[in-house]
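This report refers to the structure that appears directly beneath it.
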Amino acid sequence: MKKKITNAICIVLLLIPAVLAVAPLLFLLTGSVMDTSEIREYIGPVLGDGEGFAVWRLFPMYPTLVNVIELFFDSPEFFQMFWNSMKITAGILTGQLLFGMPAAWGLAQYEFPGKRAVYFSYIVLMLMPFQVTMLSEYIVLDLLGLTDTLSAVILPGMFLTFPPFLMYRFFSEIPPALIEAARVDGAGELAVFFRIGIPVGSSGIISALVLQFLECQSMVEQPLIFLKTKRLWPLSLYLPEVDLSHAGSALCASFVALIPALFVFLYGQDYLEQGIVASAIKE
Amino acid sequence: MRRKKRMAGWCFVLPGFAGVLLFYLIPFLDVVRRSFYNAVGKQFCGLANYRTVFENAAFRLAAGNTAKFLAVCLPLLLLLSFAVALLLQRAGRLAPLIKSACMVPLAVPAASVVLIWKLVFDGHGLLNGLLERVGLPWGSDWMNTGAAFGVLVFSYIWKNLGYDVVLWLAGLASVPETLYEAAKMDGAGSLARFIFITLPYIRPISFTIIVISLLNSFKVFREAWLVAGNYPEESIYLLQHLFNNWFRDLAMDKMAAGAVMLSAVILALVAALKRSWDK
């Protein structure tokens, strides 16, 4: 009995953060299917017409798909920037697979001269925020003539050191016996990597990619500094510019913008958790 | 054979490490060099850039705000997420669902919630409407007064709570159940068990959680910029705003000195934390 009561109290207390965490999503969802004039009625005070304060309804009075249709057929810019976001994300993730993943494997499975220095520089770089690295990145991008191209955002992102660090954690846990067995069977170094490393470490690889995917979808600092041409902007720079007077389509755009991340979250939540835990706990 | 294996190690690491060298490490050496030269990069000027940066009012404001932000947010986030993790352990069957809900903000791109924050924290917004209804008409215009700092704190906690909860839960799960049972047999109450078993066990992981929360706190610029643009209310003018302004002015000398100082401060902070934890 007593246990049941504590249980109930805990759940009631937990509802506060849980509801606050999810509320903005519901808010966006409702707004996306609400008629613009209905929204204006609710948020009029924020837009400067009407007295008092804004209000909101959880269920629209007259649900409509007008906003969705408008967004899909009347806003070519939105799609341009949606694709920019996708290109940036895809580029960075591919780079991490091609360069970060082998590096993580090399660090986890081999002894070689200079390994400690390489490992140390990965850790230190992982700790540095963009404020520290932005000038360095700019110097190189400028030298290569890449500023104001999507590559300016993608290339440095391909070599971020956090994803390989996560993969390293998972690769180090592969039992040595498994690898020795493969070697005894005559597998070469590459074969060991492809036939044992990647399949056995796959949950680590996916975890790193899920975390990096979400990070890419929120990127603000890098495109803000390196991309001047508006045509190249990702969604994250475009959304704050949307005018609240077209509140319906603005909310709808915000919602559509988070759909890819939401999908990755729903299907990859276990990997996301594993990745988060691996970033902190040494087994 | 041995030699071949060594070579193999380098072969795996080299492509990725070459990129790291090219984009981060080598240019950072150039940044260090530039921090001792004048803006054009031709004339050695000793510590003059560092002095200029230090005496710069905008730098003091930004550094002060960033430090204040860390001092308020880190303890708050750590305590709140720890409390949520402890509650989750006792929440029974609903725990996984609530945990998932708390993790949702991790997936929401910063830009998508900007409009919501604008609607909530506007002077005529939802929050003030709610406060008015419960009889607390504070009515401040959150984004354009000192209260903007509070909004920033809120959005940081909102975004990062789930991440830290997952970490605390993992730490708490690593405490062996048998220890609790043995202590119970010896008559230890739940508070004693918490202080003498739980806390020592999660001490190591709490170091990493602090470091990770520290790193994530530098990303709060996103929310500040998305909601308030390039020139926000004074209390949320952060280091990244300053660096962006320097970048627009092409003040390479100041940026270089600032980047070197910031990297030194972060390394020193992490090293000091590590030392106090290892004791």
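Every chain in the structure tokens has a letter given in the order shown (A, B, ...), and although residue numbers restart at 1 in each chain, ligands are simply numbered from 1 in the order shown.
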
Show me, as a VMD selection string, the residues of chain B whose atoms get within 6 Å of chain A, using only C-alpha atoms for the distance check. chain B and resid 6 9 12 to 13 15 to 16 19 to 20 23 27 to 28 87 90 to 91 98 101 to 102 107 109 to 112 124 to 126 129 167 208 226 240 259

Just write the chosen residues, N, CA and C atoms, as a compact mmCIF listing (two decimals), in the first residue's frame.
# COMPACT_ATOMS: atom_id res chain seq x y z
N ARG B 6 51.16 -2.69 -36.90
CA ARG B 6 51.31 -1.27 -36.56
C ARG B 6 50.91 -0.38 -37.72
N GLY B 9 47.25 -0.07 -38.11
CA GLY B 9 46.63 0.88 -37.19
C GLY B 9 46.67 2.29 -37.75
N PHE B 12 44.23 2.89 -40.69
CA PHE B 12 42.84 3.14 -40.32
C PHE B 12 42.66 4.57 -39.81
N VAL B 13 43.62 5.02 -39.01
CA VAL B 13 43.46 6.31 -38.35
C VAL B 13 43.75 7.48 -39.29
N PRO B 15 43.28 8.63 -42.53
CA PRO B 15 42.37 9.51 -43.28
C PRO B 15 41.59 10.46 -42.37
N GLY B 16 41.04 9.93 -41.29
CA GLY B 16 40.28 10.78 -40.37
C GLY B 16 41.18 11.78 -39.67
N GLY B 19 42.14 14.80 -41.73
CA GLY B 19 41.09 15.83 -41.76
C GLY B 19 41.10 16.65 -40.49
N VAL B 20 41.29 15.98 -39.36
CA VAL B 20 41.33 16.69 -38.08
C VAL B 20 42.51 17.67 -38.07
N PHE B 23 41.65 20.63 -40.66
CA PHE B 23 40.60 21.59 -40.33
C PHE B 23 40.68 22.16 -38.92
N PRO B 27 45.39 24.70 -38.36
CA PRO B 27 44.96 26.11 -38.33
C PRO B 27 44.92 26.70 -36.91
N PHE B 28 44.72 25.84 -35.91
CA PHE B 28 44.70 26.40 -34.56
C PHE B 28 46.09 26.93 -34.19
N LEU B 87 13.18 10.00 -9.05
CA LEU B 87 11.74 9.78 -9.11
C LEU B 87 11.41 8.67 -10.10
N ARG B 90 11.40 5.17 -9.03
CA ARG B 90 10.28 4.75 -8.18
C ARG B 90 8.94 4.87 -8.89
N ALA B 91 8.96 5.13 -10.20
CA ALA B 91 7.70 5.41 -10.88
C ALA B 91 7.05 4.17 -11.46
N ILE B 98 7.61 8.09 -19.35
CA ILE B 98 7.95 9.43 -18.88
C ILE B 98 9.37 9.79 -19.30
N ALA B 101 9.33 10.87 -22.82
CA ALA B 101 8.79 12.22 -22.95
C ALA B 101 9.87 13.25 -22.62
N CYS B 102 10.64 12.99 -21.55
CA CYS B 102 11.69 13.94 -21.17
C CYS B 102 12.78 14.03 -22.22
N ALA B 107 15.48 15.81 -29.52
CA ALA B 107 15.30 15.59 -30.95
C ALA B 107 14.74 16.82 -31.64
N PRO B 109 14.72 20.20 -33.24
CA PRO B 109 15.70 21.21 -33.68
C PRO B 109 15.40 22.56 -33.04
N ALA B 110 16.45 23.25 -32.62
CA ALA B 110 16.28 24.51 -31.91
C ALA B 110 15.34 25.46 -32.66
N ALA B 111 15.48 25.49 -33.99
CA ALA B 111 14.72 26.47 -34.74
C ALA B 111 13.21 26.21 -34.71
N SER B 112 12.84 24.95 -34.51
CA SER B 112 11.42 24.63 -34.57
C SER B 112 10.63 25.17 -33.39
N HIS B 124 2.75 40.13 -24.18
CA HIS B 124 1.33 39.80 -24.18
C HIS B 124 1.15 38.30 -24.39
N GLY B 125 2.17 37.54 -24.05
CA GLY B 125 2.17 36.14 -24.42
C GLY B 125 1.44 35.23 -23.45
N LEU B 126 1.59 33.92 -23.71
CA LEU B 126 0.85 32.91 -22.96
C LEU B 126 1.26 32.87 -21.49
N GLY B 129 -0.27 35.67 -19.62
CA GLY B 129 -1.70 35.41 -19.53
C GLY B 129 -2.00 34.43 -18.41
N LEU B 167 21.78 9.81 -18.33
CA LEU B 167 23.09 9.54 -17.73
C LEU B 167 22.97 9.17 -16.25
N THR B 208 31.77 13.11 -15.44
CA THR B 208 31.50 13.18 -16.87
C THR B 208 30.21 13.92 -17.16
N LEU B 226 18.34 32.56 -32.05
CA LEU B 226 17.10 32.31 -32.78
C LEU B 226 15.96 33.18 -32.25
N GLN B 240 29.47 33.79 -27.96
CA GLN B 240 29.30 33.54 -29.40
C GLN B 240 28.78 34.77 -30.14
N ALA B 259 39.87 33.15 -28.87
CA ALA B 259 39.79 31.69 -29.02
C ALA B 259 40.85 31.01 -28.17

Skip B:Ala67 itself and residues of its chain fewer than 5 positions away, then list as an MDAnalysis selection string all residues within 10 Å of it, counting only C-alpha atoms. chainID B and resid 61:62 72:73 238:239

Please, could you write that set of residues out with all heavy atoms as a short mmCIF file (atom, residue, chain, number, x, y, z; two decimals), in the first residue's frame?
data_model
loop_
_atom_site.label_atom_id
_atom_site.label_comp_id
_atom_site.auth_asym_id
_atom_site.auth_seq_id
_atom_site.Cartn_x
_atom_site.Cartn_y
_atom_site.Cartn_z
N LEU B 61 31.30 41.96 -20.82
CA LEU B 61 29.88 41.65 -20.69
C LEU B 61 29.62 40.20 -21.09
O LEU B 61 28.99 39.43 -20.36
CB LEU B 61 29.07 42.60 -21.59
CG LEU B 61 27.57 42.37 -21.61
CD1 LEU B 61 26.96 42.71 -20.27
CD2 LEU B 61 26.91 43.15 -22.73
N ALA B 62 30.15 39.81 -22.27
CA ALA B 62 29.88 38.47 -22.79
C ALA B 62 30.48 37.40 -21.89
O ALA B 62 29.83 36.39 -21.58
CB ALA B 62 30.41 38.34 -24.21
N VAL B 72 24.75 29.40 -12.92
CA VAL B 72 23.34 29.17 -12.57
C VAL B 72 22.85 27.84 -13.14
O VAL B 72 22.22 27.04 -12.46
CB VAL B 72 22.46 30.32 -13.10
CG1 VAL B 72 20.99 29.99 -12.93
CG2 VAL B 72 22.81 31.62 -12.40
N CYS B 73 23.17 27.62 -14.42
CA CYS B 73 22.55 26.50 -15.13
C CYS B 73 23.09 25.14 -14.76
O CYS B 73 22.33 24.19 -14.65
CB CYS B 73 22.77 26.68 -16.62
SG CYS B 73 21.51 27.67 -17.30
N LEU B 238 26.11 36.70 -25.27
CA LEU B 238 27.06 35.64 -24.91
C LEU B 238 28.33 35.74 -25.74
O LEU B 238 28.41 36.53 -26.68
CB LEU B 238 26.42 34.27 -25.14
CG LEU B 238 25.13 34.02 -24.35
CD1 LEU B 238 24.46 32.76 -24.85
CD2 LEU B 238 25.42 33.92 -22.87
N LEU B 239 29.31 34.92 -25.38
CA LEU B 239 30.59 34.94 -26.11
C LEU B 239 30.41 34.70 -27.60
O LEU B 239 31.08 35.33 -28.42
CB LEU B 239 31.55 33.89 -25.53
CG LEU B 239 32.25 34.32 -24.25
CD1 LEU B 239 33.04 33.16 -23.66
CD2 LEU B 239 33.19 35.49 -24.52
#

Show me, as a compact mmCIF listing (two decimals) with N, CA and C atoms, in the first residue's frame, the residues that have an atom within 12 Å of stretch 33-45 of chain B when counting only C-alpha atoms, minus same-chain residues fewer than 3 positions from it.
# COMPACT_ATOMS: atom_id res chain seq x y z
N LEU A 135 37.50 30.32 -35.92
CA LEU A 135 38.52 31.05 -36.69
C LEU A 135 39.43 30.07 -37.43
N SER A 136 39.82 28.98 -36.75
CA SER A 136 40.64 27.96 -37.41
C SER A 136 39.94 27.43 -38.65
N ILE A 139 39.92 29.99 -41.48
CA ILE A 139 41.21 30.19 -42.15
C ILE A 139 41.39 29.15 -43.25
N ILE B 26 46.12 22.11 -37.24
CA ILE B 26 47.12 22.99 -37.86
C ILE B 26 46.64 24.44 -37.89
N PRO B 27 45.39 24.70 -38.36
CA PRO B 27 44.96 26.11 -38.33
C PRO B 27 44.92 26.70 -36.91
N PHE B 28 44.72 25.84 -35.91
CA PHE B 28 44.70 26.40 -34.56
C PHE B 28 46.09 26.93 -34.19
N LEU B 29 47.14 26.24 -34.67
CA LEU B 29 48.49 26.76 -34.44
C LEU B 29 48.61 28.15 -35.06
N ASP B 30 48.04 28.30 -36.25
CA ASP B 30 48.07 29.61 -36.90
C ASP B 30 47.29 30.64 -36.08
N ALA B 48 49.56 42.47 -26.80
CA ALA B 48 48.65 43.61 -27.00
C ALA B 48 47.22 43.18 -27.31
N ASN B 49 47.05 42.13 -28.15
CA ASN B 49 45.70 41.69 -28.49
C ASN B 49 44.95 41.22 -27.26
N TYR B 50 45.69 40.50 -26.41
CA TYR B 50 45.04 39.98 -25.21
C TYR B 50 44.59 41.14 -24.32
N ARG B 51 45.45 42.16 -24.25
CA ARG B 51 45.10 43.32 -23.43
C ARG B 51 43.86 44.01 -24.01
N THR B 52 43.84 44.20 -25.34
CA THR B 52 42.68 44.85 -25.96
C THR B 52 41.41 44.06 -25.65
N VAL B 53 41.49 42.76 -25.80
CA VAL B 53 40.31 41.94 -25.57
C VAL B 53 39.84 42.08 -24.12
N TRP B 246 32.79 40.18 -33.99
CA TRP B 246 34.19 40.32 -34.40
C TRP B 246 34.39 39.79 -35.81
N ASP B 249 33.29 42.16 -38.33
CA ASP B 249 34.23 43.29 -38.45
C ASP B 249 35.60 42.84 -38.93
N LEU B 250 35.75 41.55 -39.21
CA LEU B 250 37.04 40.98 -39.60
C LEU B 250 38.13 41.27 -38.58
N ALA B 251 37.77 41.27 -37.29
CA ALA B 251 38.75 41.53 -36.25
C ALA B 251 39.47 40.24 -35.88
N MET B 252 40.31 39.77 -36.82
CA MET B 252 40.98 38.48 -36.65
C MET B 252 41.86 38.45 -35.40
N ASP B 253 42.51 39.58 -35.12
CA ASP B 253 43.42 39.60 -33.97
C ASP B 253 42.66 39.34 -32.67
N LYS B 254 41.50 40.00 -32.53
CA LYS B 254 40.72 39.79 -31.31
C LYS B 254 40.16 38.38 -31.26
N MET B 255 39.66 37.90 -32.40
CA MET B 255 39.11 36.54 -32.41
C MET B 255 40.17 35.53 -32.02
N ALA B 256 41.39 35.72 -32.54
CA ALA B 256 42.46 34.77 -32.24
C ALA B 256 42.76 34.76 -30.75
N ALA B 257 42.94 35.96 -30.19
CA ALA B 257 43.25 36.03 -28.76
C ALA B 257 42.10 35.45 -27.94
N GLY B 258 40.85 35.76 -28.36
CA GLY B 258 39.69 35.25 -27.64
C GLY B 258 39.62 33.73 -27.69
N ALA B 259 39.87 33.15 -28.87
CA ALA B 259 39.79 31.69 -29.02
C ALA B 259 40.85 31.01 -28.17
N VAL B 260 42.06 31.56 -28.16
CA VAL B 260 43.14 30.95 -27.37
C VAL B 260 42.79 31.00 -25.89
N MET B 261 42.29 32.17 -25.45
CA MET B 261 41.96 32.30 -24.03
C MET B 261 40.85 31.33 -23.64

Give me, as a PDB file with C-alpha atoms, in the first residue's frame, all polymer residues having an atom no more than 8 Å from stretch 144-149 of chain B, counting only C-alpha atoms and skipping those fewer than 4 positions away in the same chain.
ATOM      1  CA  SER B 140       7.271  41.603 -17.681  1.00  0.00           C
ATOM      2  CA  VAL B 153      18.082  29.236 -18.464  1.00  0.00           C
ATOM      3  CA  PRO B 232      19.847  40.566 -27.908  1.00  0.00           C
ATOM      4  CA  GLU B 233      18.962  41.992 -24.531  1.00  0.00           C
ATOM      5  CA  GLU B 234      22.147  42.772 -22.622  1.00  0.00           C
ATOM      6  CA  SER B 235      21.765  39.969 -20.073  1.00  0.00           C
ATOM      7  CA  ILE B 236      21.909  37.256 -22.748  1.00  0.00           C
TER       8      ILE B 236
END

Would you kindly return, as a tab-separated table (two decimals) with N, CA and C atoms, in the first residue's frame, each protein, DNA or RNA residue with an atom no farther than 10 Å from any atom of A:Arg231, considering only C-alpha atoms and excluding same-chain residues fewer than 5 positions away?
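Resulting contents of selection21.tsv:
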chain	number	residue	atom	x	y	z
A	77	GLU	N	10.89	28.31	-51.29
A	77	GLU	CA	12.07	28.53	-50.44
A	77	GLU	C	12.16	27.50	-49.34
A	80	GLN	N	13.69	24.45	-50.70
A	80	GLN	CA	15.11	24.69	-50.96
A	80	GLN	C	15.90	24.49	-49.66
A	81	MET	N	15.42	25.11	-48.58
A	81	MET	CA	16.18	25.09	-47.33
A	81	MET	C	16.06	23.76	-46.62
A	84	ASN	N	18.63	21.81	-48.27
A	84	ASN	CA	19.96	22.20	-47.78
A	84	ASN	C	20.26	21.51	-46.46

Could you please write out, as a PyMOL selection string, every residue of stretch 61-163 of chain A that DSSP assigns to alpha helix (DSSP H)? chain A and resi 66-74+76-95+101-109+115-127+130-143+150-158+162-163

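Here atom CA of A:Ser203 stands at a distance of 6.6 Å from atom CA of A:Tyr271.
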
In terms of the shortest atom-to-atom distance over only C-alpha atoms, which of B:Leu152, B:Val104, B:Ala192, B:Val175 is closest to B:Leu70? B:Leu152

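Put simply, atom CA of A:Gly275 is 4.7 Å away from atom CA of A:Ser207.
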
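Taking atom CA of B:Phe194 and atom CA of B:Leu179 as endpoints, the distance between them is 11.2 Å.
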
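Residues lying within 8 Å of B:Lys99, counting only C-alpha atoms and ignoring same-chain neighbours fewer than 2 positions away, are Ala18 of chain A; Leu88, Ala95, Pro96, Leu97, Ala101, Cys102, Met103, Gly162, Val165 and Val166 of chain B.
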